[in-house]
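Structure first, commentary second.
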Amino acid sequence: MSVTAIRGFNDILPGDTEAWRHIEQTAWSIFSAYGFSEIKLPIVEKTELFARSIGETTDIVEKEMYTFADRHGDAITLRPEGTAPAVRAYIEHKLYTAPVTRLYYTGPMFRYERPQKGRYRQFYQIGAEVLGDESPRADAETLSMLMKFFGTLKVKGATLQVNSLGDASCRPAYKKKLYEYLKEHSSGLCENCLRRIETNPLRALDCKATGCIEATRNAPSLVDSLCEGCATHFDKVRYFLKLYGIEPVINPRMVRGLDYYTRTTFEITADTGLGSQNAVAAGGRYDGLVSELGGPSTPCFGFAIGIERLSLLLERSQVPSSPLTVFIALGIDAEKKGVELISLWRSSGIRVVEDFSTGALKTRMKRADRLGAAFAVILGENELAEGVVTIKDMKNAAQETIAWDRVAGIIGGAGK
RNA sequence: GUGGACGUGGCUCAACGGUUAGAGCACUGGACUGUGACUCCGGGGGUUGGGGGUUCGAAUCCCCUCGUCCACCCCA
């Protein structure tokens with residue numbers, strides 16, 4: 001066996017890249033209409049950045065990071081998510097001098113997990129962050145932007161689940177309440193959750209083990225334990241979502257896997273046919289992260305979209321594609337003229353390749369067909385003499401003779 | 001990280017432990033020297049994922065390993 005790609009690291013091949021491009025372009029045009037600007041971030045960061053922001057006891061930091069020593073012995077990590085680097089850049093470049101900063105980015109993330117369909121070790125996200133806005137309207141508007149994005153891509157069955165995790169003034173108290181409850185009702189808990197009681201009791205709430213679901217059925221509810229500020233914030237987020245015509249599912253048991261979230265958290269699921277890999281976007285508010293990483297106290301809201309999962313949802317028919325034209329020259333004079341004509345057509349936006357082979361026209365037509373040509377353009381001696389070209393529509397076999405300067409118009413017009 | 005299913009030409013899949021591992025599609029040459037998709041005839045292409053073992057004999061049974069997929073875990 002020759003050298004292959006590393007497990008969990010995939011090539012995205014032509015045929016799939018069109019859908020990816022469509023997704024990224026759609027995101028770009030919608031996000032930019034909402035005032036977001038793109039930021040390009042490094043793929044590798046100091047390990048410490050992720051350990052401090054995501055949380056030492058999270059699965060990501062405990063067992064999923066690609067961490068190496070570089071040549072100087074410093075611990076560096078392939079980014080497992082985009083928010084921490086974005087926040088790091090925000091602080092490092094003092095972007096907080098602006099009243100609000102809206103950033104988006106796209107690129108690969110890395111997590112050492114067992115690969116499955118829709119879940120890879122290198123996977124791609126589109127992320128967006130609103131930094132410096134505490135208003136619940138920021139949450140709601142950003143969510144509505146996301147829903148609009150999914151709507152534009154015609155994603156079926158996109159549903160929004162939201163929850164509030166509280167903040168520094170109410171979560172610790174709730175955590176304690178839950179901790180005590182779990183201590184008393186620990187009998188049915190799975191092994192994992194028994195450990196979580198100490199490390200991160202909230203996670204027991206969204207454990208899928210039946211014993212844990214039983215045991216936590218009557219556990220104190222997070223939503224009921226929110227402090228005044230968090231409760232109103234959550235109410236307002238829901239109110240404004242309704243204003244945008246969005247009816248979210250309130251899921252008080254949804255707990256995110258990253259420690260920095262406060263108040264609003266959410267997840268958008270769609271019918272991916274992937275079972276547990278049905279989350280195509282998720283995120284929430286992280287009002288404490290910027291200050292924890294050394295910046296000024298800055299309330300933020302952000303999310304990430306999983307491109308692989310999303311691309312599985314797109315029907316091929318709705319991914320725009322531009323038709324390919326294959327040019328066939330018959331004879332050396334036609335070849336010469338072709339050089340000039342093709343360049344002209346390309347300049348007017350026609351996608352054209354020349355078939356450089358020299359066999360029988362039959363064979364070359366067959367090659368054109370296999371190249372996926374929408375049109376074959378033939379320039380032979382006859383055409384050359386008359387200043388025309390023969391255009392064949394490969395779909396319906398219709399064929400006509402067209403003057404050179406009209407070719408781009410005909411093909412370009414038929415393209416859409 | 002745990003449990004399971006599966007790896008056979010480029011693709012989809014056949015082949016009871018028993019000749020030279022087959023078929024369809026794809027590829028290629030011809031019928032057909034300016035017209036693809038349809039038809040007909042011919043041709044090439046395999047270390048049966050890799051390694052080891054059992055056996056007179058292994059694609060088939062056993063072990064290891066790599067990979068894909070599924071469930072769990074977790075997440076995008």
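Quick note on naming: the chains in the structure tokens go A, B, ... in the order shown, residues restart at 1 in each chain, and ligands are numbered from 1 in order of appearance.
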Quick one: everything within 10 Å of Leu310 of chain A, counting only C-alpha atoms (C1' of nucleotides), minus sequence neighbours fewer than 5 positions away in the same chain. Send it as an NGL selection string. (:A and (19-20 or 23 or 118 or 125 or 150 or 153 or 155 or 270 or 272 or 278-281 or 305)) or (:B and (76))
Quick one: write out the picked residues with all heavy atoms as a short mmCIF file (atom, residue, chain, number, x, y, z; two decimals), in the first residue's frame?
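Output file selection_3.cif is given in full below:
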data_model
loop_
_atom_site.label_atom_id
_atom_site.label_comp_id
_atom_site.auth_asym_id
_atom_site.auth_seq_id
_atom_site.Cartn_x
_atom_site.Cartn_y
_atom_site.Cartn_z
N ALA A 19 -20.01 22.27 -3.30
CA ALA A 19 -20.96 22.49 -2.21
C ALA A 19 -20.29 23.31 -1.11
O ALA A 19 -20.91 24.21 -0.53
CB ALA A 19 -21.46 21.16 -1.67
N TRP A 20 -19.04 23.01 -0.85
CA TRP A 20 -18.32 23.76 0.19
C TRP A 20 -18.22 25.23 -0.16
O TRP A 20 -18.46 26.10 0.66
CB TRP A 20 -16.91 23.18 0.35
CG TRP A 20 -16.91 21.95 1.18
CD1 TRP A 20 -17.65 20.83 0.98
CD2 TRP A 20 -16.13 21.70 2.35
NE1 TRP A 20 -17.38 19.91 1.95
CE2 TRP A 20 -16.44 20.42 2.78
CE3 TRP A 20 -15.19 22.46 3.05
CZ2 TRP A 20 -15.86 19.86 3.91
CZ3 TRP A 20 -14.60 21.90 4.16
CH2 TRP A 20 -14.94 20.61 4.59
N ILE A 23 -21.44 26.93 0.33
CA ILE A 23 -21.70 27.18 1.76
C ILE A 23 -20.90 28.39 2.23
O ILE A 23 -21.44 29.30 2.87
CB ILE A 23 -21.32 25.94 2.59
CG1 ILE A 23 -22.32 24.81 2.35
CG2 ILE A 23 -21.25 26.29 4.08
CD1 ILE A 23 -21.90 23.47 2.92
N GLY A 118 -19.37 12.38 9.23
CA GLY A 118 -19.76 13.66 9.81
C GLY A 118 -18.96 14.03 11.03
O GLY A 118 -19.29 14.98 11.74
N GLN A 125 -14.99 24.44 10.15
CA GLN A 125 -16.07 25.22 10.74
C GLN A 125 -16.10 26.61 10.11
O GLN A 125 -15.08 27.14 9.68
CB GLN A 125 -15.84 25.40 12.24
CG GLN A 125 -16.03 24.13 13.04
CD GLN A 125 -16.00 24.38 14.54
OE1 GLN A 125 -15.41 25.35 15.00
NE2 GLN A 125 -16.63 23.51 15.29
N PHE A 150 -29.28 29.07 7.17
CA PHE A 150 -29.76 27.72 6.89
C PHE A 150 -30.95 27.73 5.93
O PHE A 150 -31.10 26.84 5.10
CB PHE A 150 -30.13 27.00 8.18
CG PHE A 150 -28.93 26.55 8.97
CD1 PHE A 150 -28.69 27.03 10.25
CD2 PHE A 150 -28.01 25.68 8.42
CE1 PHE A 150 -27.58 26.63 10.97
CE2 PHE A 150 -26.89 25.27 9.12
CZ PHE A 150 -26.67 25.75 10.41
N LEU A 153 -29.79 28.16 2.40
CA LEU A 153 -29.23 26.92 1.87
C LEU A 153 -30.28 25.82 1.77
O LEU A 153 -29.98 24.69 1.41
CB LEU A 153 -28.08 26.44 2.77
CG LEU A 153 -26.81 27.30 2.75
CD1 LEU A 153 -25.80 26.77 3.74
CD2 LEU A 153 -26.21 27.34 1.36
N VAL A 155 -31.84 24.18 4.03
CA VAL A 155 -31.64 23.05 4.94
C VAL A 155 -32.99 22.67 5.54
O VAL A 155 -33.71 23.52 6.05
CB VAL A 155 -30.66 23.43 6.06
CG1 VAL A 155 -30.64 22.37 7.14
CG2 VAL A 155 -29.27 23.62 5.47
N ALA A 270 -30.31 19.31 12.59
CA ALA A 270 -31.02 19.11 11.34
C ALA A 270 -31.04 17.63 11.06
O ALA A 270 -30.32 16.86 11.68
CB ALA A 270 -30.34 19.86 10.20
N THR A 272 -29.70 15.11 9.53
CA THR A 272 -28.51 14.75 8.76
C THR A 272 -28.50 13.27 8.40
O THR A 272 -27.70 12.85 7.58
CB THR A 272 -27.24 15.01 9.58
OG1 THR A 272 -27.34 14.32 10.82
CG2 THR A 272 -27.03 16.48 9.84
N ASN A 278 -26.07 15.05 14.59
CA ASN A 278 -27.06 15.86 13.90
C ASN A 278 -26.95 17.34 14.19
O ASN A 278 -27.70 18.14 13.68
CB ASN A 278 -28.47 15.37 14.21
CG ASN A 278 -28.80 15.52 15.68
OD1 ASN A 278 -27.92 15.81 16.48
ND2 ASN A 278 -30.05 15.36 16.02
N ALA A 279 -25.99 17.74 15.04
CA ALA A 279 -25.81 19.15 15.32
C ALA A 279 -24.99 19.78 14.21
O ALA A 279 -23.88 19.35 13.93
CB ALA A 279 -25.13 19.35 16.66
N VAL A 280 -25.56 20.78 13.55
CA VAL A 280 -24.83 21.42 12.46
C VAL A 280 -24.28 22.78 12.85
O VAL A 280 -23.44 23.34 12.15
CB VAL A 280 -25.69 21.56 11.18
CG1 VAL A 280 -25.95 20.19 10.59
CG2 VAL A 280 -26.99 22.27 11.48
N ALA A 281 -24.76 23.29 13.97
CA ALA A 281 -24.21 24.56 14.46
C ALA A 281 -24.50 24.65 15.96
O ALA A 281 -25.46 24.08 16.44
CB ALA A 281 -24.83 25.75 13.73
N ILE A 305 -20.35 26.64 12.81
CA ILE A 305 -21.12 25.77 11.92
C ILE A 305 -20.18 24.66 11.43
O ILE A 305 -19.05 24.94 11.07
CB ILE A 305 -21.61 26.55 10.69
CG1 ILE A 305 -22.51 27.71 11.11
CG2 ILE A 305 -22.32 25.64 9.70
CD1 ILE A 305 -22.70 28.74 10.02
P A B 76 -19.30 21.97 19.74
OP1 A B 76 -18.51 23.14 20.08
OP2 A B 76 -20.65 21.79 20.33
"O5'" A B 76 -19.46 21.88 18.17
"C5'" A B 76 -19.94 23.00 17.46
"C4'" A B 76 -20.36 22.52 16.08
"O4'" A B 76 -19.19 22.12 15.34
"C3'" A B 76 -21.26 21.31 16.11
"O3'" A B 76 -22.60 21.70 16.20
"C2'" A B 76 -20.93 20.59 14.82
"O2'" A B 76 -21.71 21.07 13.77
"C1'" A B 76 -19.47 20.96 14.59
N9 A B 76 -18.55 19.90 15.02
C8 A B 76 -18.06 19.65 16.26
N7 A B 76 -17.21 18.66 16.31
C5 A B 76 -17.15 18.22 15.00
C6 A B 76 -16.43 17.19 14.38
N6 A B 76 -15.60 16.38 15.04
N1 A B 76 -16.60 17.01 13.06
C2 A B 76 -17.43 17.82 12.40
N3 A B 76 -18.16 18.83 12.86
C4 A B 76 -17.97 18.98 14.20
#
Find the residues of chain B in contact range of chain A, meaning any atom within 9 Å when counting only C-alpha atoms (C1' of nucleotides), and list them as a compact mmCIF listing (two decimals) with all heavy atoms, in the first residue's frame.
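Once written, iface.txt looks like this:
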# COMPACT_ATOMS: atom_id res chain seq x y z
P G B 1 -7.24 4.85 21.26
OP1 G B 1 -6.32 5.94 21.58
OP2 G B 1 -6.74 3.50 20.98
O5' G B 1 -8.26 4.73 22.45
C5' G B 1 -7.80 4.50 23.77
C4' G B 1 -9.02 4.41 24.64
O4' G B 1 -9.79 5.65 24.54
C3' G B 1 -10.03 3.34 24.24
O3' G B 1 -9.65 2.06 24.72
C2' G B 1 -11.31 3.85 24.86
O2' G B 1 -11.36 3.58 26.24
C1' G B 1 -11.17 5.37 24.66
N9 G B 1 -11.84 5.82 23.44
C8 G B 1 -11.25 6.36 22.31
N7 G B 1 -12.11 6.68 21.38
C5 G B 1 -13.35 6.32 21.93
C6 G B 1 -14.66 6.43 21.39
O6 G B 1 -14.99 6.87 20.28
N1 G B 1 -15.63 5.95 22.26
C2 G B 1 -15.36 5.45 23.50
N2 G B 1 -16.42 5.03 24.21
N3 G B 1 -14.14 5.34 24.02
C4 G B 1 -13.20 5.80 23.18
P C B 32 -17.79 0.48 -40.79
OP1 C B 32 -19.16 0.65 -40.29
OP2 C B 32 -17.53 0.28 -42.24
O5' C B 32 -16.91 1.71 -40.30
C5' C B 32 -16.96 2.97 -40.98
C4' C B 32 -16.86 4.08 -39.98
O4' C B 32 -18.05 4.12 -39.17
C3' C B 32 -15.67 3.94 -39.03
O3' C B 32 -15.00 5.19 -38.93
C2' C B 32 -16.31 3.55 -37.70
O2' C B 32 -15.62 4.09 -36.60
C1' C B 32 -17.70 4.19 -37.79
N1 C B 32 -18.73 3.49 -37.04
C2 C B 32 -19.12 4.02 -35.78
O2 C B 32 -18.58 5.04 -35.37
N3 C B 32 -20.07 3.40 -35.08
C4 C B 32 -20.66 2.29 -35.58
N4 C B 32 -21.59 1.72 -34.85
C5 C B 32 -20.28 1.73 -36.83
C6 C B 32 -19.32 2.36 -37.53
P U B 33 -13.71 5.40 -39.96
OP1 U B 33 -13.89 4.66 -41.19
OP2 U B 33 -12.58 5.09 -39.06
O5' U B 33 -13.73 6.99 -40.29
C5' U B 33 -13.91 7.93 -39.26
C4' U B 33 -13.02 9.10 -39.60
O4' U B 33 -11.75 8.57 -40.00
C3' U B 33 -13.59 9.90 -40.77
O3' U B 33 -13.74 11.28 -40.41
C2' U B 33 -12.59 9.72 -41.92
O2' U B 33 -12.27 10.96 -42.52
C1' U B 33 -11.33 9.15 -41.22
N1 U B 33 -10.76 8.14 -42.08
C2 U B 33 -9.99 8.61 -43.13
O2 U B 33 -9.80 9.79 -43.33
N3 U B 33 -9.49 7.65 -43.95
C4 U B 33 -9.65 6.31 -43.84
O4 U B 33 -9.15 5.57 -44.67
C5 U B 33 -10.47 5.89 -42.71
C6 U B 33 -10.97 6.81 -41.90
P G B 34 -13.29 12.36 -40.41
OP1 G B 34 -13.06 12.75 -41.81
OP2 G B 34 -12.24 12.37 -39.40
O5' G B 34 -14.52 13.23 -39.88
C5' G B 34 -15.11 12.86 -38.64
C4' G B 34 -16.24 13.79 -38.38
O4' G B 34 -15.77 15.16 -38.46
C3' G B 34 -17.36 13.65 -39.39
O3' G B 34 -18.60 13.65 -38.71
C2' G B 34 -17.25 14.92 -40.24
O2' G B 34 -18.49 15.38 -40.70
C1' G B 34 -16.67 15.92 -39.24
N9 G B 34 -15.95 17.01 -39.89
C8 G B 34 -14.94 16.94 -40.80
N7 G B 34 -14.53 18.12 -41.20
C5 G B 34 -15.32 19.01 -40.52
C6 G B 34 -15.35 20.43 -40.55
O6 G B 34 -14.66 21.19 -41.21
N1 G B 34 -16.31 20.94 -39.70
C2 G B 34 -17.14 20.18 -38.92
N2 G B 34 -18.00 20.86 -38.16
N3 G B 34 -17.14 18.85 -38.88
C4 G B 34 -16.21 18.35 -39.69
P U B 35 -19.24 12.17 -38.43
OP1 U B 35 -18.23 11.11 -38.58
OP2 U B 35 -20.49 12.16 -39.22
O5' U B 35 -19.63 12.24 -36.89
C5' U B 35 -18.63 12.02 -35.88
C4' U B 35 -19.17 12.50 -34.55
O4' U B 35 -19.08 13.94 -34.50
C3' U B 35 -20.64 12.14 -34.35
O3' U B 35 -20.84 11.84 -32.99
C2' U B 35 -21.35 13.44 -34.73
O2' U B 35 -22.58 13.60 -34.07
C1' U B 35 -20.35 14.49 -34.27
N1 U B 35 -20.43 15.75 -35.02
C2 U B 35 -21.06 16.82 -34.40
O2 U B 35 -21.55 16.74 -33.29
N3 U B 35 -21.10 17.96 -35.14
C4 U B 35 -20.58 18.16 -36.40
O4 U B 35 -20.69 19.25 -36.93
C5 U B 35 -19.94 17.00 -36.96
C6 U B 35 -19.89 15.87 -36.26
P G B 36 -21.35 10.41 -32.60
OP1 G B 36 -20.44 9.43 -33.21
OP2 G B 36 -22.80 10.30 -32.84
O5' G B 36 -21.11 10.41 -31.03
C5' G B 36 -19.78 10.25 -30.52
C4' G B 36 -19.79 10.46 -29.04
O4' G B 36 -19.99 11.86 -28.74
C3' G B 36 -20.94 9.76 -28.33
O3' G B 36 -20.56 8.45 -27.99
C2' G B 36 -21.10 10.62 -27.08
O2' G B 36 -20.13 10.30 -26.11
C1' G B 36 -20.82 12.01 -27.62
N9 G B 36 -22.01 12.75 -28.02
C8 G B 36 -22.45 12.98 -29.30
N7 G B 36 -23.53 13.72 -29.34
C5 G B 36 -23.81 13.99 -28.01
C6 G B 36 -24.85 14.74 -27.43
O6 G B 36 -25.77 15.35 -28.00
N1 G B 36 -24.79 14.75 -26.05
C2 G B 36 -23.81 14.11 -25.32
N2 G B 36 -23.91 14.23 -24.00
N3 G B 36 -22.82 13.41 -25.84
C4 G B 36 -22.89 13.39 -27.18
P A B 37 -21.63 7.28 -27.95
OP1 A B 37 -20.91 6.05 -27.63
OP2 A B 37 -22.51 7.38 -29.14
O5' A B 37 -22.51 7.72 -26.70
C5' A B 37 -21.96 7.74 -25.39
C4' A B 37 -23.10 7.97 -24.42
O4' A B 37 -23.62 9.30 -24.64
C3' A B 37 -24.23 6.99 -24.65
O3' A B 37 -24.65 6.38 -23.45
C2' A B 37 -25.35 7.83 -25.23
O2' A B 37 -26.63 7.46 -24.80
C1' A B 37 -25.02 9.24 -24.74
N9 A B 37 -25.51 10.19 -25.73
C8 A B 37 -25.37 10.12 -27.09
N7 A B 37 -25.98 11.07 -27.74
C5 A B 37 -26.56 11.82 -26.74
C6 A B 37 -27.36 12.97 -26.77
N6 A B 37 -27.71 13.58 -27.89
N1 A B 37 -27.79 13.46 -25.59
C2 A B 37 -27.43 12.83 -24.46
N3 A B 37 -26.69 11.75 -24.30
C4 A B 37 -26.28 11.28 -25.49
P G B 49 -9.02 -8.19 0.87
OP1 G B 49 -8.68 -9.24 1.86
OP2 G B 49 -10.40 -7.68 0.73
O5' G B 49 -8.04 -6.96 1.11
C5' G B 49 -7.79 -6.02 0.06
C4' G B 49 -6.76 -5.03 0.53
O4' G B 49 -7.32 -4.21 1.59
C3' G B 49 -5.52 -5.64 1.15
O3' G B 49 -4.56 -6.03 0.17
C2' G B 49 -5.01 -4.50 2.04
O2' G B 49 -4.37 -3.51 1.27
C1' G B 49 -6.34 -3.95 2.56
N9 G B 49 -6.74 -4.61 3.81
C8 G B 49 -7.87 -5.36 4.02
N7 G B 49 -7.96 -5.82 5.25
C5 G B 49 -6.83 -5.33 5.88
C6 G B 49 -6.37 -5.48 7.21
O6 G B 49 -6.90 -6.11 8.13
N1 G B 49 -5.16 -4.82 7.42
C2 G B 49 -4.49 -4.10 6.48
N2 G B 49 -3.34 -3.54 6.88
N3 G B 49 -4.90 -3.94 5.23
C4 G B 49 -6.07 -4.58 5.01
P G B 50 -3.68 -7.33 0.41
OP1 G B 50 -2.90 -7.56 -0.81
OP2 G B 50 -4.54 -8.41 0.96
O5' G B 50 -2.69 -6.87 1.58
C5' G B 50 -1.69 -5.89 1.35
C4' G B 50 -0.89 -5.66 2.61
O4' G B 50 -1.77 -5.13 3.64
C3' G B 50 -0.31 -6.92 3.24
O3' G B 50 0.91 -7.31 2.63
C2' G B 50 -0.13 -6.50 4.69
O2' G B 50 1.00 -5.66 4.84
C1' G B 50 -1.39 -5.67 4.90
N9 G B 50 -2.50 -6.49 5.39
C8 G B 50 -3.61 -6.92 4.69
N7 G B 50 -4.42 -7.64 5.42
C5 G B 50 -3.81 -7.70 6.66
C6 G B 50 -4.23 -8.35 7.86
O6 G B 50 -5.24 -9.03 8.06
N1 G B 50 -3.31 -8.17 8.89
C2 G B 50 -2.15 -7.44 8.78
N2 G B 50 -1.39 -7.37 9.87
N3 G B 50 -1.75 -6.82 7.67
C4 G B 50 -2.63 -7.00 6.67
P G B 67 -5.59 3.48 10.74
OP1 G B 67 -5.15 4.88 10.73
OP2 G B 67 -6.12 2.88 11.99
O5' G B 67 -6.68 3.26 9.60
C5' G B 67 -6.46 3.77 8.30
C4' G B 67 -7.53 3.28 7.36
O4' G B 67 -7.55 1.83 7.33
C3' G B 67 -8.96 3.64 7.74
O3' G B 67 -9.29 4.96 7.39
C2' G B 67 -9.75 2.61 6.94
O2' G B 67 -9.80 2.96 5.57
C1' G B 67 -8.86 1.37 7.08
N9 G B 67 -9.28 0.50 8.18
C8 G B 67 -8.70 0.36 9.41
N7 G B 67 -9.31 -0.52 10.18
C5 G B 67 -10.38 -0.97 9.40
C6 G B 67 -11.39 -1.93 9.68
O6 G B 67 -11.55 -2.58 10.72
N1 G B 67 -12.26 -2.07 8.61
C2 G B 67 -12.17 -1.40 7.43
N2 G B 67 -13.11 -1.68 6.52
N3 G B 67 -11.23 -0.52 7.15
C4 G B 67 -10.37 -0.35 8.17
P U B 68 -10.41 5.75 8.18
OP1 U B 68 -10.31 7.17 7.79
OP2 U B 68 -10.35 5.38 9.60
O5' U B 68 -11.75 5.14 7.58
C5' U B 68 -12.09 5.36 6.22
C4' U B 68 -13.31 4.54 5.87
O4' U B 68 -13.01 3.13 6.07
C3' U B 68 -14.53 4.78 6.72
O3' U B 68 -15.26 5.91 6.30
C2' U B 68 -15.31 3.48 6.53
O2' U B 68 -15.96 3.47 5.27
C1' U B 68 -14.18 2.45 6.50
N1 U B 68 -13.92 1.83 7.80
C2 U B 68 -14.77 0.81 8.21
O2 U B 68 -15.72 0.44 7.55
N3 U B 68 -14.47 0.25 9.43
C4 U B 68 -13.43 0.60 10.26
O4 U B 68 -13.28 0.00 11.32
C5 U B 68 -12.60 1.67 9.77
C6 U B 68 -12.87 2.23 8.59
P C B 69 -16.10 6.76 7.36
OP1 C B 69 -16.66 7.90 6.62
OP2 C B 69 -15.27 6.97 8.55
O5' C B 69 -17.29 5.76 7.76
C5' C B 69 -18.32 5.49 6.84
C4' C B 69 -19.18 4.35 7.35
O4' C B 69 -18.36 3.18 7.59
C3' C B 69 -19.86 4.58 8.69
O3' C B 69 -21.02 5.37 8.59
C2' C B 69 -20.18 3.14 9.11
O2' C B 69 -21.28 2.65 8.38
C1' C B 69 -18.93 2.42 8.64
N1 C B 69 -17.94 2.27 9.73
C2 C B 69 -18.16 1.25 10.67
O2 C B 69 -19.15 0.53 10.55
N3 C B 69 -17.27 1.09 11.69
C4 C B 69 -16.21 1.89 11.78
N4 C B 69 -15.37 1.68 12.79
C5 C B 69 -15.96 2.93 10.83
C6 C B 69 -16.85 3.09 9.83
P C B 70 -21.52 6.23 9.82
OP1 C B 70 -22.65 7.06 9.36
OP2 C B 70 -20.36 6.85 10.48
O5' C B 70 -22.07 5.10 10.81
C5' C B 70 -23.22 4.35 10.47
C4' C B 70 -23.52 3.35 11.56
O4' C B 70 -22.43 2.38 11.64
C3' C B 70 -23.59 3.89 12.98
O3' C B 70 -24.82 4.52 13.25
C2' C B 70 -23.39 2.62 13.79
O2' C B 70 -24.56 1.84 13.80
C1' C B 70 -22.32 1.91 12.97
N1 C B 70 -20.96 2.19 13.48
C2 C B 70 -20.53 1.46 14.60
O2 C B 70 -21.30 0.63 15.09
N3 C B 70 -19.29 1.69 15.10
C4 C B 70 -18.50 2.61 14.54
N4 C B 70 -17.30 2.79 15.07
C5 C B 70 -18.92 3.37 13.40
C6 C B 70 -20.15 3.13 12.92
P C B 74 -20.86 11.90 27.20
OP1 C B 74 -20.74 12.48 28.54
OP2 C B 74 -22.18 11.47 26.71
O5' C B 74 -20.25 12.91 26.13
C5' C B 74 -19.08 13.66 26.47
C4' C B 74 -18.33 14.02 25.22
O4' C B 74 -18.40 12.94 24.28
C3' C B 74 -18.88 15.21 24.44
O3' C B 74 -18.52 16.44 25.02
C2' C B 74 -18.20 14.97 23.09
O2' C B 74 -16.83 15.32 23.15
C1' C B 74 -18.31 13.45 22.95
N1 C B 74 -19.52 13.08 22.19
C2 C B 74 -19.44 13.12 20.80
O2 C B 74 -18.37 13.46 20.28
N3 C B 74 -20.53 12.79 20.06
C4 C B 74 -21.66 12.43 20.67
N4 C B 74 -22.70 12.11 19.89
C5 C B 74 -21.76 12.38 22.09
C6 C B 74 -20.69 12.71 22.81
P C B 75 -19.49 17.68 24.88
OP1 C B 75 -18.80 18.80 25.54
OP2 C B 75 -20.84 17.30 25.29
O5' C B 75 -19.50 17.94 23.32
C5' C B 75 -18.73 18.99 22.75
C4' C B 75 -18.37 18.64 21.35
O4' C B 75 -18.75 17.27 21.07
C3' C B 75 -19.08 19.44 20.28
O3' C B 75 -18.43 20.68 20.06
C2' C B 75 -18.94 18.52 19.08
O2' C B 75 -17.65 18.59 18.53
C1' C B 75 -19.13 17.14 19.72
N1 C B 75 -20.51 16.64 19.65
C2 C B 75 -21.03 16.27 18.41
O2 C B 75 -20.32 16.40 17.40
N3 C B 75 -22.29 15.79 18.34
C4 C B 75 -23.01 15.65 19.44
N4 C B 75 -24.25 15.16 19.31
C5 C B 75 -22.51 16.02 20.72
C6 C B 75 -21.27 16.50 20.78
P A B 76 -19.30 21.97 19.74
OP1 A B 76 -18.51 23.14 20.08
OP2 A B 76 -20.65 21.79 20.33
O5' A B 76 -19.46 21.88 18.17
C5' A B 76 -19.94 23.00 17.46
C4' A B 76 -20.36 22.52 16.08
O4' A B 76 -19.19 22.12 15.34
C3' A B 76 -21.26 21.31 16.11
O3' A B 76 -22.60 21.70 16.20
C2' A B 76 -20.93 20.59 14.82
O2' A B 76 -21.71 21.07 13.77
C1' A B 76 -19.47 20.96 14.59
N9 A B 76 -18.55 19.90 15.02
C8 A B 76 -18.06 19.65 16.26
N7 A B 76 -17.21 18.66 16.31
C5 A B 76 -17.15 18.22 15.00
C6 A B 76 -16.43 17.19 14.38
N6 A B 76 -15.60 16.38 15.04
N1 A B 76 -16.60 17.01 13.06
C2 A B 76 -17.43 17.82 12.40
N3 A B 76 -18.16 18.83 12.86
C4 A B 76 -17.97 18.98 14.20
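Within segment 20-111 of chain A, the backbone-based DSSP assignment of strand (DSSP E) covers Ser37, Glu38, Val44, Glu45, Lys46, Tyr66, Thr67, Phe68, Ala69, Ala75, Ile76, Thr77, Leu78, Thr101, Arg102, Leu103, Tyr104, Tyr105, Thr106, Gly107, Pro108, Met109 and Phe110 of chain A.
Around segment 19-30 of chain B, within 12 Å and counting only C-alpha atoms (C1' of nucleotides), the residues found are Thr363 and Arg370 of chain A; U8, G9, G10, C11, U12, C13, A14, A15, C40, C41, G42, G43, G44, G45, G46, U48, G57, A59 and U60 of chain B, once anything fewer than 3 positions away on its own chain is removed.
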When you look at Gly229 of chain A with a cut-off of 9 Å (counting only C-alpha atoms (C1' of nucleotides)), what residues show up, excluding the ones that are within fewer than 5 positions of it in the same chain? I need them as a list in words. Gly166, Asp167 and Phe234 of chain A
Between atom CA of Gly132 of chain A and atom CA of Tyr261 of chain A lies a distance of 15.0 Å
Env of segment 32-38 of chain A: 12 Å cut, atoms = only C-alpha atoms (C1' of nucleotides), seq-sep filter 4 positions within chain, self excluded. Answer as a ChimeraX atom specification. /A:24-28,86,100-107,126-131,138,141-146,148-149,302
Report as number ranges by chain: the residues of segment 124-312 of chain A with a DSSP assignment of helix (DSSP H, G or I), based on the backbone of this structure. A: 136-152, 171-184, 186-188, 191-199, 201-206, 210-215, 223-225, 228-243, 275-277, 289-292, 307-312
